[in-house]
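**Student:** Take a look at data-v8.pdb, PDB, C-alpha atoms:
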```
ATOM      1  CA  MET A 458       6.847   3.798  -8.320
ATOM      2  CA  ARG A 459       9.529   2.327  -6.091
ATOM      3  CA  PRO A 460      10.605   4.604  -3.226
ATOM      4  CA  THR A 461      14.013   6.142  -3.503
ATOM      5  CA  SER A 462      16.863   4.040  -2.192
ATOM      6  CA  ILE A 463      20.546   4.435  -1.521
ATOM      7  CA  VAL A 464      22.315   6.163  -4.391
ATOM      8  CA  ASN A 465      26.044   5.712  -4.792
ATOM      9  CA  VAL A 466      27.173   9.323  -4.911
ATOM     10  CA  MET A 467      30.000   8.982  -2.429
ATOM     11  CA  GLY A 468      31.986   6.173  -4.025
ATOM     12  CA  LEU A 469      30.786   3.523  -1.580
ATOM     13  CA  SER A 470      31.613  -0.109  -2.201
ATOM     14  CA  PRO A 471      28.770  -2.465  -3.133
ATOM     15  CA  LYS A 472      28.985  -3.981   0.355
ATOM     16  CA  GLN A 473      28.671  -0.535   1.993
ATOM     17  CA  ILE A 474      25.699   0.279  -0.219
ATOM     18  CA  GLU A 475      24.059  -3.028   0.703
ATOM     19  CA  LYS A 476      24.636  -2.373   4.418
ATOM     20  CA  ALA A 477      23.247   1.172   4.149
ATOM     21  CA  GLU A 478      20.167  -0.127   2.323
ATOM     22  CA  GLN A 479      19.655  -2.757   5.044
ATOM     23  CA  VAL A 480      19.824  -0.070   7.747
ATOM     24  CA  ARG A 481      17.289   1.977   5.800
ATOM     25  CA  GLN A 482      14.953  -1.025   5.528
ATOM     26  CA  ASP A 483      15.403  -1.746   9.259
ATOM     27  CA  ILE A 484      14.359   1.828  10.029
ATOM     28  CA  LEU A 485      11.261   1.543   7.834
ATOM     29  CA  HIS A 486      10.404  -1.796   9.426
ATOM     30  CA  ALA A 487      10.794  -0.325  12.922
ATOM     31  CA  ALA A 488       8.564   2.633  11.997
ATOM     32  CA  ALA A 489       5.912   0.252  10.641
ATOM     33  CA  GLU A 490       6.008  -1.852  13.813
ATOM     34  CA  ILE A 491       5.540   1.218  16.010
ATOM     35  CA  VAL A 492       2.637   2.451  13.887
ATOM     36  CA  ILE A 493       0.944  -0.974  14.015
ATOM     37  CA  GLU A 494       1.516  -1.509  17.751
ATOM     38  CA  ARG A 495       0.922   1.967  19.166
ATOM     39  CA  GLY A 496      -0.476   4.171  16.415
ATOM     40  CA  VAL A 497       0.987   7.010  14.415
ATOM     41  CA  GLN A 498       0.899   9.366  17.421
ATOM     42  CA  SER A 499       3.653   7.231  18.992
ATOM     43  CA  LEU A 500       5.886   7.482  15.952
ATOM     44  CA  THR A 501       8.840   9.601  16.998
ATOM     45  CA  LEU A 502      12.312   9.599  15.526
ATOM     46  CA  ALA A 503      13.749   8.615  18.899
ATOM     47  CA  ALA A 504      11.373   5.646  19.198
ATOM     48  CA  VAL A 505      12.158   4.497  15.655
ATOM     49  CA  ALA A 506      15.907   4.826  16.216
ATOM     50  CA  ARG A 507      15.660   2.750  19.418
ATOM     51  CA  ARG A 508      13.555   0.072  17.713
ATOM     52  CA  ALA A 509      15.865  -0.070  14.685
ATOM     53  CA  ARG A 510      18.954  -0.054  16.931
ATOM     54  CA  VAL A 511      20.513   2.931  15.190
ATOM     55  CA  SER A 512      21.511   6.310  16.507
ATOM     56  CA  LYS A 513      19.185   9.222  15.879
ATOM     57  CA  GLY A 514      21.930  10.655  13.673
ATOM     58  CA  GLY A 515      22.033   7.391  11.729
ATOM     59  CA  LEU A 516      18.295   7.595  11.234
ATOM     60  CA  LEU A 517      18.552  11.230  10.096
ATOM     61  CA  HIS A 518      21.205  10.180   7.586
ATOM     62  CA  HIS A 519      18.520   8.140   5.807
ATOM     63  CA  PHE A 520      15.419  10.221   6.579
ATOM     64  CA  ALA A 521      15.634  13.990   6.967
ATOM     65  CA  CYS A 522      12.658  14.235   9.324
ATOM     66  CA  LYS A 523       9.592  12.394  10.584
ATOM     67  CA  ALA A 524       7.510  13.618   7.628
ATOM     68  CA  ASP A 525      10.102  12.176   5.240
ATOM     69  CA  LEU A 526      10.009   8.829   7.056
ATOM     70  CA  ILE A 527       6.203   8.709   6.897
ATOM     71  CA  ARG A 528       6.165   9.708   3.209
ATOM     72  CA  ILE A 529       8.631   6.917   2.353
ATOM     73  CA  LEU A 530       6.569   4.466   4.419
ATOM     74  CA  VAL A 531       3.470   5.418   2.390
ATOM     75  CA  GLU A 532       5.436   5.237  -0.879
ATOM     76  CA  THR A 533       6.592   1.748   0.101
ATOM     77  CA  LEU A 534       3.003   0.627   0.746
ATOM     78  CA  ILE A 535       1.998   2.043  -2.640
ATOM     79  CA  ALA A 536       4.932   0.359  -4.405
ATOM     80  CA  ASP A 537       4.056  -3.002  -2.823
ATOM     81  CA  PHE A 538       0.449  -2.591  -3.928
ATOM     82  CA  GLU A 539       1.442  -1.578  -7.462
ATOM     83  CA  THR A 540       3.640  -4.682  -7.692
ATOM     84  CA  ALA A 541       0.629  -6.801  -6.700
ATOM     85  CA  LEU A 542      -1.535  -4.982  -9.263
ATOM     86  CA  ASP A 543       0.975  -5.698 -12.023
ATOM     87  CA  ALA A 544       1.201  -9.362 -11.047
ATOM     88  CA  CYS A 545      -2.587  -9.772 -10.986
ATOM     89  CA  ALA A 546      -2.943  -8.073 -14.380
ATOM     90  CA  LYS A 547      -0.178 -10.130 -15.997
ATOM     91  CA  GLY A 548      -1.856 -13.341 -14.881
ATOM     92  CA  ASP A 549      -5.194 -12.385 -16.469
ATOM     93  CA  PRO A 550      -5.639 -13.399 -20.131
ATOM     94  CA  GLU A 551      -8.889 -11.390 -20.642
ATOM     95  CA  PRO A 552      -8.129  -7.767 -21.639
ATOM     96  CA  TYR A 553     -11.652  -6.466 -20.967
ATOM     97  CA  GLY A 554     -11.755  -5.318 -17.342
ATOM     98  CA  ARG A 555      -8.256  -6.628 -16.616
ATOM     99  CA  ARG A 556      -7.118  -3.559 -14.665
ATOM    100  CA  ILE A 557     -10.188  -3.273 -12.437
ATOM    101  CA  ARG A 558     -10.090  -7.050 -11.832
ATOM    102  CA  ALA A 559      -6.458  -6.692 -10.807
ATOM    103  CA  TYR A 560      -7.517  -3.899  -8.440
ATOM    104  CA  VAL A 561     -10.127  -6.179  -6.844
ATOM    105  CA  ARG A 562      -7.765  -9.134  -6.531
ATOM    106  CA  ALA A 563      -4.743  -7.154  -5.312
ATOM    107  CA  ASN A 564      -6.817  -5.350  -2.683
ATOM    108  CA  LEU A 565      -8.201  -8.573  -1.306
ATOM    109  CA  ALA A 566      -4.762 -10.214  -1.270
ATOM    110  CA  TYR A 567      -3.030  -7.233   0.369
ATOM    111  CA  SER A 568      -0.941  -8.311   3.345
ATOM    112  CA  VAL A 569      -2.413  -8.020   6.833
ATOM    113  CA  ASN A 570       0.573  -5.961   8.022
ATOM    114  CA  ASN A 571       0.277  -3.523   5.126
ATOM    115  CA  ARG A 572      -3.432  -3.150   5.898
ATOM    116  CA  LYS A 573      -2.652  -2.440   9.543
ATOM    117  CA  ILE A 574      -0.047   0.158   8.598
ATOM    118  CA  ALA A 575      -2.450   1.839   6.174
ATOM    119  CA  ILE A 576      -5.216   1.994   8.796
ATOM    120  CA  ALA A 577      -2.808   3.305  11.446
ATOM    121  CA  LEU A 578      -1.642   6.036   9.063
ATOM    122  CA  PHE A 579      -5.208   6.980   8.107
ATOM    123  CA  PRO A 580      -5.526   9.811  10.678
ATOM    124  CA  LEU A 581      -2.707  11.631   8.867
ATOM    125  CA  SER A 582      -4.961  12.018   5.837
ATOM    126  CA  PHE A 583      -6.724  14.842   7.686
ATOM    127  CA  SER A 584      -3.553  16.801   8.432
ATOM    128  CA  GLU A 585      -1.221  15.694   5.633
ATOM    129  CA  PRO A 586      -3.131  16.012   2.333
ATOM    130  CA  GLU A 587       0.010  15.274   0.292
ATOM    131  CA  LEU A 588      -0.153  11.669   1.539
ATOM    132  CA  VAL A 589      -3.680  11.352   0.177
ATOM    133  CA  THR A 590      -2.428  12.837  -3.089
ATOM    134  CA  LEU A 591       0.185  10.065  -3.321
ATOM    135  CA  LEU A 592      -2.522   7.422  -2.926
ATOM    136  CA  ARG A 593      -4.938   9.130  -5.294
ATOM    137  CA  THR A 594      -2.246   9.519  -7.949
ATOM    138  CA  SER A 595      -1.403   5.822  -7.763
ATOM    139  CA  CYS A 596      -5.040   4.707  -7.990
ATOM    140  CA  ASP A 597      -5.810   7.151 -10.795
ATOM    141  CA  ARG A 598      -2.741   6.104 -12.754
ATOM    142  CA  TRP A 599      -3.824   2.488 -12.530
ATOM    143  CA  LEU A 600      -7.581   2.807 -12.915
ATOM    144  CA  ASN A 601      -7.774   5.628 -15.454
ATOM    145  CA  SER A 602      -5.860   3.640 -18.053
ATOM    146  CA  PRO A 603      -7.814   2.144 -20.952
ATOM    147  CA  ASP A 604      -9.501  -1.074 -19.856
ATOM    148  CA  GLU A 605     -12.475  -1.232 -22.246
ATOM    149  CA  ILE A 606     -14.882  -1.331 -19.282
ATOM    150  CA  ASP A 607     -17.496   1.353 -18.659
ATOM    151  CA  SER A 608     -15.991   4.035 -16.414
ATOM    152  CA  VAL A 609     -19.073   4.249 -14.150
ATOM    153  CA  GLN A 610     -19.146   0.468 -13.718
ATOM    154  CA  SER A 611     -15.409   0.507 -13.013
ATOM    155  CA  TYR A 612     -15.871   3.222 -10.377
ATOM    156  CA  VAL A 613     -18.685   1.291  -8.653
ATOM    157  CA  ILE A 614     -16.491  -1.821  -8.554
ATOM    158  CA  ARG A 615     -13.616   0.258  -7.166
ATOM    159  CA  LEU A 616     -15.814   1.662  -4.377
ATOM    160  CA  ALA A 617     -17.160  -1.801  -3.524
ATOM    161  CA  THR A 618     -13.605  -3.155  -3.466
ATOM    162  CA  ASP A 619     -12.506  -0.357  -1.145
ATOM    163  CA  GLY A 620     -15.432  -1.260   1.122
ATOM    164  CA  PHE A 621     -14.400  -4.927   1.161
ATOM    165  CA  TRP A 622     -10.822  -3.870   1.933
ATOM    166  CA  MET A 623     -11.952  -1.747   4.875
ATOM    167  CA  ALA A 624     -14.318  -4.426   6.209
ATOM    168  CA  ASP A 625     -11.610  -7.097   5.918
ATOM    169  CA  THR A 626      -9.047  -4.846   7.572
ATOM    170  CA  MET A 627     -11.346  -4.039  10.470
ATOM    171  CA  ASN A 628     -12.660  -7.633  10.605
ATOM    172  CA  ILE A 629     -16.278  -6.469  10.521
ATOM    173  CA  HIS A 630     -17.715  -9.039   8.107
ATOM    174  CA  SER A 631     -20.493 -11.154   9.508
ATOM    175  CA  GLU A 632     -19.841 -14.755  10.338
ATOM    176  CA  ASN A 633     -21.370 -15.725   6.980
ATOM    177  CA  SER A 634     -18.159 -16.040   4.960
ATOM    178  CA  ASN A 635     -20.102 -17.865   2.243
ATOM    179  CA  LEU A 636     -22.108 -14.705   1.568
ATOM    180  CA  ARG A 637     -18.894 -12.662   1.471
ATOM    181  CA  GLU A 638     -17.365 -15.037  -1.083
ATOM    182  CA  LYS A 639     -20.501 -14.934  -3.244
ATOM    183  CA  ALA A 640     -20.465 -11.132  -3.154
ATOM    184  CA  LEU A 641     -16.814 -11.115  -4.205
ATOM    185  CA  GLU A 642     -17.516 -13.543  -7.042
ATOM    186  CA  HIS A 643     -20.345 -11.267  -8.170
ATOM    187  CA  LEU A 644     -18.032  -8.253  -8.056
ATOM    188  CA  VAL A 645     -15.411 -10.007 -10.197
ATOM    189  CA  LYS A 646     -18.104 -11.184 -12.671
ATOM    190  CA  MET A 647     -19.057  -7.534 -13.163
ATOM    191  CA  THR A 648     -15.612  -6.918 -14.645
ATOM    192  CA  TYR A 649     -16.117  -9.317 -17.573
ATOM    193  CA  PRO A 650     -17.973  -8.566 -20.800
ATOM    194  CA  ALA A 651     -21.722  -9.165 -20.574
TER     195      ALA A 651
END
```
As a first step, turn the structure in this file into structure tokens.
**Tutor:**
Amino acid sequence: MRPTSIVNVMGLSPKQIEKAEQVRQDILHAAAEIVIERGVQSLTLAAVARRARVSKGGLLHHFACKADLIRILVETLIADFETALDACAKGDPEPYGRRIRAYVRANLAYSVNNRKIAIALFPLSFSEPELVTLLRTSCDRWLNSPDEIDSVQSYVIRLATDGFWMADTMNIHSENSNLREKALEHLVKMTYPA
């Protein structure tokens, strides 16, 4: 699921479309920087416009409102993660457990910035349930596909992976990185046939 991008409905030249898409990406990048640096409570359209060096009207041309901007930011995070999932799955020759293994590997390889954005946006999950629905739909679409692995075992691995993701993101692992690596190896081994 790639977020919507510039559609040529107004007869724009390829160069104009490219420039408009760059402005849109600059706006998303500025919004992400604000969320990482100061938290989602500091995300205002005026602040994003200033950071992206566009007028507020220019920002509103691409994003109808703050909720739209946040939704597209979340969709972009999901799309990046789904790309990583696909890449991890394609590189795995063993069909049994391939999808849950890809989930483990993609989560642990997720970029630091994307983790920071996700954590900064977390408070919105209490007031904006549709954002949680976007995430749940993506995970369910990926993990509820046939994988030949027991569904309970897959769910346990998913929960453990989510815990690793959170601990890595918050940097709360103990100093014993060897133990962390052994635990991860054990988690991945659980995805292979017995």
**Student:** Which is closest to Tyr612 of chain A among A:Asn635, A:Thr648, A:Ser582, A:Ser499, if we use only C-alpha atoms?
**Tutor:**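 Nearest candidate to Tyr612 of chain A out of A:Asn635, A:Thr648, A:Ser582, A:Ser499: A:Thr648.
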**Student:** Between A:Ser512, A:Ser634, A:Gln482, A:Asn628, which residue has the minimum interatomic distance to Arg572 of chain A, considering all atoms listed in the file?
**Tutor:**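 Counting all atoms listed in the file, the residue closest to Arg572 of chain A is A:Asn628.
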**Student:** Nearest residue to Thr501 of chain A out of A:Arg528, A:Lys523, A:His643, A:His486, using all atoms listed in the file?
**Tutor:** A:Lys523
**Student:** Do a neighbour search on Ile527 of chain A at 12 Å with all atoms listed in the file, toss out local chain neighbours closer than 5 positions, and write the hits as an NGL selection string.
**Tutor:** :A and (460 or 484-489 or 491-492 or 497-498 or 500-502 or 505 or 520-522 or 532-534 or 574-575 or 577-579 or 581-582 or 585 or 587-588 or 591)
**Student:** Set the distance at 12 Å and use only C-alpha atoms: which residues neighbour His518 of chain A once local chain neighbours fewer than 6 positions away are removed? I'd like the list as a PDB file with C-alpha atoms, in the coordinates of the input.
**Tutor:**
```
ATOM      1  CA  ILE A 463      20.546   4.435  -1.521  1.00  0.00           C
ATOM      2  CA  ALA A 477      23.247   1.172   4.149  1.00  0.00           C
ATOM      3  CA  GLU A 478      20.167  -0.127   2.323  1.00  0.00           C
ATOM      4  CA  VAL A 480      19.824  -0.070   7.747  1.00  0.00           C
ATOM      5  CA  ARG A 481      17.289   1.977   5.800  1.00  0.00           C
ATOM      6  CA  ILE A 484      14.359   1.828  10.029  1.00  0.00           C
ATOM      7  CA  LEU A 502      12.312   9.599  15.526  1.00  0.00           C
ATOM      8  CA  ALA A 506      15.907   4.826  16.216  1.00  0.00           C
ATOM      9  CA  VAL A 511      20.513   2.931  15.190  1.00  0.00           C
ATOM     10  CA  SER A 512      21.511   6.310  16.507  1.00  0.00           C
ATOM     11  CA  ASP A 525      10.102  12.176   5.240  1.00  0.00           C
ATOM     12  CA  LEU A 526      10.009   8.829   7.056  1.00  0.00           C
TER      13      LEU A 526
END
```
**Student:** Enumerate, as JSON, numbers by chain, the residues matched when the PyMOL selection byres ((chain A and resi 616) around 12) is run on the file above.
**Tutor:** {"A": [557, 560, 561, 564, 596, 600, 609, 610, 611, 612, 613, 614, 615, 617, 618, 619, 620, 621, 622, 623, 644]}
**Student:** Quick one: of A:Asn570, A:Ser584, A:Ser470, A:Thr594, who's nearest to Ala524 of chain A, counting all atoms listed in the file?
**Tutor:** A:Ser584
**Student:** Apply the PyMOL selection byres ((chain A and resi 556) around 9) to the file shown and report the selected residues as a PyMOL selection string.
**Tutor:** chain A and resi 542-543+545-546+552-555+557-561+599-600+602-604
**Student:** What does the distance between atom CA of Asn571 of chain A and atom CA of Glu490 of chain A come to in Å, to one decimal place?
**Tutor:** 10.5 Å
**Student:** Just checking: using all atoms listed in the file, which residue out of A:Leu592, A:Glu551, A:Phe583, A:Ala566 ends up closest to Ala536 of chain A?
**Tutor:** A:Leu592
**Student:** Please compute the atom CA of Asp597 of chain A-atom CA of Phe538 of chain A distance, one decimal, in Å.
**Tutor:**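 Atom CA of Phe538 of chain A lies 13.5 Å from atom CA of Asp597 of chain A.
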**Student:** For atom CA of Thr626 of chain A and atom CA of Lys573 of chain A, determine how far apart the two atoms are, in Å to one decimal place.
**Tutor:**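 Pair atom CA of Thr626 of chain A / atom CA of Lys573 of chain A returns 7.1 Å.
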